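Trainee: Just data_26.cif, nothing more (mmCIF, C-alpha atoms):
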data_protein
loop_
_atom_site.label_atom_id
_atom_site.label_comp_id
_atom_site.auth_asym_id
_atom_site.auth_seq_id
_atom_site.Cartn_x
_atom_site.Cartn_y
_atom_site.Cartn_z
CA MET A 1 119.34 100.98 122.24
CA THR A 2 121.03 104.38 121.80
CA LEU A 3 119.94 104.51 118.16
CA LEU A 4 116.39 103.53 119.14
CA ARG A 5 116.19 106.29 121.76
CA ARG A 6 117.29 108.83 119.15
CA LEU A 7 114.89 107.60 116.48
CA VAL A 8 111.73 107.51 118.62
CA PRO A 9 111.40 111.32 118.78
CA ALA A 10 112.70 111.65 115.20
CA VAL A 11 109.95 109.50 113.67
CA PRO A 12 107.18 111.75 112.27
CA TRP A 13 104.24 111.04 114.58
CA ILE A 14 102.18 114.13 113.69
CA PRO A 15 100.78 112.69 110.42
CA TRP A 16 99.25 109.85 112.42
CA LEU A 17 96.91 112.20 114.28
CA PRO A 18 94.67 112.98 111.27
CA VAL A 19 95.16 109.44 109.93
CA LEU A 20 93.82 107.78 113.08
CA LEU A 21 91.04 110.36 113.33
CA ILE A 22 89.88 109.54 109.79
CA VAL A 23 90.18 105.82 110.50
CA GLY A 24 88.00 106.25 113.59
CA LEU A 25 85.35 108.12 111.59
CA LEU A 26 85.38 105.46 108.87
CA ALA A 27 85.06 102.70 111.47
CA TRP A 28 82.10 104.51 113.00
CA ALA A 29 80.46 104.75 109.56
CA ILE A 30 81.18 101.09 108.76
CA ILE A 31 79.32 99.86 111.84
CA ASP A 32 76.14 101.60 110.64
CA LEU A 33 76.25 99.89 107.22
CA GLN A 34 74.69 96.59 106.26
CA PRO A 35 76.75 93.66 107.63
CA ASP A 36 78.03 92.40 104.29
CA PHE A 37 81.32 92.93 102.50
CA ALA A 38 79.77 94.50 99.40
CA SER A 39 78.28 97.33 101.47
CA ARG A 40 81.39 97.92 103.57
CA GLN A 41 84.24 97.28 101.16
CA LEU A 42 84.64 100.86 99.90
CA TYR A 43 84.89 102.20 103.45
CA LEU A 44 87.25 99.42 104.52
CA ARG A 45 89.55 99.87 101.57
CA ALA A 46 89.50 103.64 101.95
CA GLY A 47 90.62 103.13 105.56
CA LEU A 48 93.42 100.82 104.44
CA LEU A 49 94.57 103.53 102.02
CA VAL A 50 94.53 106.17 104.76
CA THR A 51 96.76 104.03 107.01
CA ALA A 52 99.14 103.49 104.07
CA LEU A 53 99.28 107.25 103.52
CA GLY A 54 100.27 107.65 107.16
CA ILE A 55 103.12 105.17 107.01
CA SER A 56 104.42 106.84 103.82
CA PHE A 57 105.90 109.53 106.12
CA ALA A 58 107.97 107.01 108.11
CA PHE A 59 111.23 107.88 106.31
CA ASP A 60 110.90 111.67 106.60
CA ASP A 61 114.20 112.84 108.08
CA PRO A 62 114.91 116.60 107.91
CA THR A 63 118.19 116.04 109.77
CA ALA A 64 119.53 113.65 107.12
CA PRO A 65 122.41 115.96 106.04
CA THR A 66 123.87 115.70 109.54
CA THR A 67 123.05 112.03 110.20
CA ASP A 68 124.06 110.41 106.90
CA ALA A 69 127.63 109.97 108.10
CA VAL A 70 126.79 108.26 111.40
CA PRO A 71 128.21 104.72 111.87
CA SER A 72 124.75 103.08 111.84
CA PRO A 73 123.84 101.96 108.28
CA LEU A 74 120.89 103.56 106.57
CA ARG A 75 119.13 100.19 106.26
CA ARG A 76 119.22 99.76 110.05
CA ARG A 77 117.81 103.23 110.65
CA ARG A 78 115.11 102.61 108.04
CA ALA A 79 114.23 99.25 109.62
CA LEU A 80 113.83 100.84 113.07
CA ARG A 81 111.72 103.65 111.62
CA PHE A 82 109.53 101.05 109.94
CA LEU A 83 109.11 99.02 113.13
CA LEU A 84 108.14 102.13 115.08
CA SER A 85 105.72 103.38 112.42
CA ILE A 86 104.05 100.01 112.05
CA ILE A 87 102.62 100.35 115.58
CA PRO A 88 100.05 103.06 114.73
CA TRP A 89 99.55 101.42 111.31
CA MET A 90 98.55 98.13 112.97
CA ALA A 91 96.31 100.02 115.41
CA GLY A 92 94.44 101.60 112.51
CA ILE A 93 94.11 98.29 110.65
CA THR A 94 92.83 96.57 113.79
CA VAL A 95 90.13 99.21 114.32
CA LEU A 96 88.99 98.91 110.70
CA LEU A 97 88.80 95.12 110.73
CA TRP A 98 87.00 95.15 114.08
CA ALA A 99 84.41 97.58 112.71
CA GLY A 100 84.06 95.54 109.53
CA SER A 101 83.21 92.39 111.48
CA GLN A 102 80.46 93.99 113.56
CA GLY A 103 76.83 93.10 113.05
CA GLY A 104 77.27 89.48 112.05
CA LEU A 105 79.90 89.68 109.30
CA HIS A 106 81.96 86.58 110.04
CA PRO A 107 85.77 87.21 109.91
CA VAL A 108 87.66 84.45 108.05
CA TRP A 109 91.20 84.14 106.69
CA LEU A 110 90.08 82.34 103.53
CA THR A 111 86.62 82.80 102.04
CA SER A 112 84.39 79.80 101.44
CA VAL A 113 83.29 78.72 97.99
CA GLU A 114 79.64 78.82 99.04
CA PRO A 115 79.55 80.68 102.39
CA LEU A 116 76.63 79.93 104.68
CA ARG A 117 76.79 83.47 106.06
CA ALA A 118 78.39 86.79 105.14
CA GLU A 119 82.17 86.68 105.52
CA LEU A 120 84.87 89.31 106.05
CA PRO A 121 88.04 88.22 104.16
CA LEU A 122 90.74 89.13 106.69
CA GLY A 123 93.56 87.54 104.70
CA ARG A 124 92.74 89.43 101.52
CA LEU A 125 92.25 92.75 103.31
CA LEU A 126 95.55 92.40 105.17
CA LEU A 127 97.33 91.62 101.89
CA GLU A 128 95.82 94.73 100.30
CA ALA A 129 96.75 96.84 103.33
CA ALA A 130 100.33 95.53 103.41
CA THR A 131 100.78 96.05 99.68
CA MET A 132 99.60 99.66 99.78
CA ALA A 133 101.75 100.38 102.84
CA CYS A 134 104.83 98.80 101.27
CA TRP A 135 104.38 100.81 98.07
CA GLY A 136 104.10 103.99 100.09
CA LEU A 137 107.35 103.13 101.88
CA ALA A 138 109.08 102.02 98.67
CA ILE A 139 108.25 105.27 96.87
CA ALA A 140 109.36 107.28 99.90
CA SER A 141 112.61 105.31 100.07
CA LEU A 142 113.32 105.92 96.39
CA ILE A 143 112.61 109.65 96.66
CA ALA A 144 114.68 110.03 99.84
CA ARG A 145 117.60 108.23 98.21
CA ARG A 146 117.85 110.63 95.29
CA TRP A 147 115.94 113.86 95.82
CA ASP A 148 114.26 114.78 99.10
CA ASP A 149 114.92 114.07 102.78
CA GLU A 150 111.20 114.48 103.54
CA PRO A 151 109.57 112.27 100.88
CA GLY A 152 106.30 111.59 102.71
CA ARG A 153 104.22 114.24 100.97
CA ILE A 154 105.34 113.08 97.52
CA ALA A 155 105.04 109.37 98.32
CA SER A 156 101.56 109.79 99.79
CA ALA A 157 100.42 111.79 96.75
CA ALA A 158 101.83 109.15 94.41
CA LEU A 159 100.15 106.37 96.38
CA LEU A 160 96.84 108.22 96.28
CA ALA A 161 97.17 108.61 92.50
CA MET A 162 97.94 104.89 92.11
CA TYR A 163 94.87 104.02 94.17
CA ALA A 164 92.63 106.27 92.06
CA LEU A 165 94.02 104.86 88.80
CA SER A 166 93.49 101.29 89.99
CA TRP A 167 89.77 101.99 90.45
CA MET A 168 89.59 103.62 87.01
CA THR A 169 91.01 100.61 85.16
CA PRO A 170 88.67 98.42 83.08
CA GLU A 171 86.69 95.90 85.09
CA ARG A 172 88.59 92.88 83.78
CA TRP A 173 91.91 94.33 85.01
CA LYS A 174 90.71 95.98 88.21
CA PRO A 175 92.48 94.53 91.30
CA TRP A 176 89.52 95.18 93.61
CA SER A 177 86.89 92.46 93.66
CA ASP A 178 84.30 90.96 95.96
CA PRO A 179 85.40 87.70 97.65
CA ASN A 180 82.41 85.92 96.12
CA ASP A 181 83.24 87.22 92.64
CA LEU A 182 84.55 84.68 90.12
CA ARG A 183 87.52 87.01 89.47
CA TRP A 184 88.73 86.69 93.06
CA PRO A 185 91.24 83.83 92.47
CA SER A 186 92.60 85.49 89.31
CA VAL A 187 93.46 88.85 90.92
CA LEU A 188 95.01 87.41 94.06
CA PRO A 189 98.40 86.50 92.47
CA GLY A 190 98.67 90.05 91.17
CA TRP A 191 98.47 91.38 94.72
CA TRP A 192 101.27 89.06 95.82
CA VAL A 193 103.44 90.18 92.90
CA ALA A 194 102.81 93.84 93.74
CA PHE A 195 103.63 93.19 97.40
CA VAL A 196 106.92 91.44 96.63
CA MET A 197 107.94 94.15 94.14
CA ALA A 198 107.31 96.88 96.71
CA VAL A 199 109.34 95.06 99.37
CA LEU A 200 112.26 94.52 96.98
CA LEU A 201 112.23 98.17 95.87
CA GLY A 202 112.18 99.35 99.48
CA VAL A 203 115.05 97.07 100.48
CA VAL A 204 117.24 97.92 97.49
CA THR A 205 116.82 101.68 97.89
CA SER A 206 117.57 101.46 101.63
CA TRP A 207 120.73 99.35 101.39
CA ASP A 208 123.43 102.00 100.90
CA THR A 209 124.01 105.24 102.77
CA ARG A 210 122.83 108.39 101.07
CA VAL A 211 126.26 109.99 101.39
CA SER A 212 127.77 107.52 98.91
CA SER A 213 124.70 107.07 96.73
CA ASN A 214 123.59 110.66 96.17
CA PRO A 215 126.13 112.46 93.98
CA LEU A 216 123.76 115.39 93.41
CA ARG A 217 123.47 116.19 97.11
CA ARG A 218 127.17 115.49 97.75
CA GLY A 219 128.19 117.55 94.73
CA GLY A 220 126.07 120.44 95.96
CA ARG A 221 127.86 120.44 99.30
CA GLN A 222 131.29 120.35 97.63
CA HIS A 223 130.27 123.21 95.35
CA SER A 224 129.21 125.28 98.37
CA LEU A 225 132.53 124.60 100.04
CA ARG A 226 134.53 125.62 96.97
CA ARG A 227 132.38 128.72 96.59
CA GLY A 228 133.10 129.72 100.19
CA VAL A 229 136.85 129.29 99.69
CA THR A 230 136.74 131.37 96.51
CA THR A 231 134.90 134.15 98.32
CA GLU A 232 137.52 134.26 101.05
CA LEU A 233 140.33 134.44 98.49
CA ASP A 234 138.59 137.30 96.69
CA ARG A 235 138.44 139.22 99.95
CA ILE A 236 142.18 138.74 100.46
#
Could you show the structure in this file as structure tokens?
Mentor:
Amino acid sequence: MTLLRRLVPAVPWIPWLPVLLIVGLLAWAIIDLQPDFASRQLYLRAGLLVTALGISFAFDDPTAPTTDAVPSPLRRRRALRFLLSIIPWMAGITVLLWAGSQGGLHPVWLTSVEPLRAELPLGRLLLEAATMACWGLAIASLIARRWDDEPGRIASAALLAMYALSWMTPERWKPWSDPNDLRWPSVLPGWWVAFVMAVLLGVVTSWDTRVSSNPLRRGGRQHSLRRGVTTELDRI
């Protein structure tokens, strides 16, 4: 409980203000569109990306140089940060899916082969949202492990670039498809593979403490210490 009380104010909440504002605007726009997935999918998926960009800042920790040596393992601190950050993430996803189902678009977990009415594929959208969010966290975890204690800006930029490139790929390889498209079953396993890879990368890069796994940062501190000692000897 002590660790949780310390982490709640340390989690970067500020990035969620513009994220939830953009999500609200997208939800408002979605409601005014035709109640079918083809008309709303770009807005829905853009909203899922925005929420993933927000959670990419979950591991930002400017006080890492002073907290790396605390008894609590890095993986536990990362897990608590994730659980806290997932609250606004889920709120944004809920608003988007609610807006997407307005006007007669029937929400379903699995799409029908020959739907009698327009359907909103909740299962597929949640898988896409979770995959993008996990990649944002995985990239942030990798960057924080080796280079920067505030990796959110780099991870969010990388995630945005990955999203843009995925839309620029040839049609036969593009992971985004309409639920009624014949390619739908063929791209679904790829999303599961991407999701599992992101989770594994995030777990592996969060397992050890940064004090023992970051020789560059540790070496820099030792160099500063030696430099200070040398300066004092020169004065003597």
Trainee: Please identify all polymer residues within 10 Å of Ile93 in chain A, counting all atoms listed in the file, omitting same-chain residues fewer than 4 positions from it, and present them as a PDB file with C-alpha atoms, in the frame of the given file.
Mentor:
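part.pdb was written with the following content:
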ATOM      1  CA  LEU A  20      93.820 107.780 113.080  1.00  0.00           C
ATOM      2  CA  VAL A  23      90.180 105.820 110.500  1.00  0.00           C
ATOM      3  CA  LEU A  44      87.250  99.420 104.520  1.00  0.00           C
ATOM      4  CA  GLY A  47      90.620 103.130 105.560  1.00  0.00           C
ATOM      5  CA  LEU A  48      93.420 100.820 104.440  1.00  0.00           C
ATOM      6  CA  VAL A  50      94.530 106.170 104.760  1.00  0.00           C
ATOM      7  CA  THR A  51      96.760 104.030 107.010  1.00  0.00           C
ATOM      8  CA  ALA A  52      99.140 103.490 104.070  1.00  0.00           C
ATOM      9  CA  PRO A  88     100.050 103.060 114.730  1.00  0.00           C
ATOM     10  CA  TRP A  89      99.550 101.420 111.310  1.00  0.00           C
ATOM     11  CA  LEU A  97      88.800  95.120 110.730  1.00  0.00           C
ATOM     12  CA  TRP A  98      87.000  95.150 114.080  1.00  0.00           C
ATOM     13  CA  ALA A  99      84.410  97.580 112.710  1.00  0.00           C
ATOM     14  CA  LEU A 125      92.250  92.750 103.310  1.00  0.00           C
ATOM     15  CA  LEU A 126      95.550  92.400 105.170  1.00  0.00           C
ATOM     16  CA  ALA A 129      96.750  96.840 103.330  1.00  0.00           C
ATOM     17  CA  ALA A 130     100.330  95.530 103.410  1.00  0.00           C
TER      18      ALA A 130
END
Trainee: May I have the protein, DNA and RNA residues with any atom at most 9 Å from the point (83.3, 88.8, 104.3), counting all atoms listed in the file, written as a list in words?
Mentor: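 Nearby residues: Pro35, Asp36, Phe37, Ala38, Gly100, Ser101, Leu105, His106, Pro107, Val108, Thr111, Arg117, Ala118, Glu119, Leu120, Pro121, Leu122, Asp178, Pro179 and Asn180 of chain A.
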Trainee: Quick check, in Å to one decimal: how far apart do CA of Leu96 in chain A and CA of Leu21 in chain A lie?
Mentor: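 Calculated distance between CA of Leu96 in chain A and CA of Leu21 in chain A is 11.9 Å.
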Trainee: One decimal, Å: what's the distance from CA of Ser186 in chain A over to CA of Trp167 in chain A, could you say?
Mentor: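 Separation between CA of Ser186 in chain A and CA of Trp167 in chain A: 16.8 Å.
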Trainee: With only C-alpha atoms as the atoms that count, which of A:Glu171, A:Leu137, A:Phe195, A:Trp28 lies nearest to Ala79 in chain A?
Mentor: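 Checking each candidate against Ala79 in chain A, we get A:Leu137 as the closest.
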Trainee: Applied to the shown file, which residues does the PyMOL selection byres ((chain A and resi 156-166) around 7) return, written as a list of chain:residue names?
Mentor: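 Listing what the PyMOL selection byres ((chain A and resi 156-166) around 7) selects in the shown file: A:Leu53, A:Ser56, A:Gly136, A:Gly152, A:Arg153, A:Ile154, A:Ala155, A:Trp167, A:Met168, A:Thr169, A:Lys174, A:Pro175.
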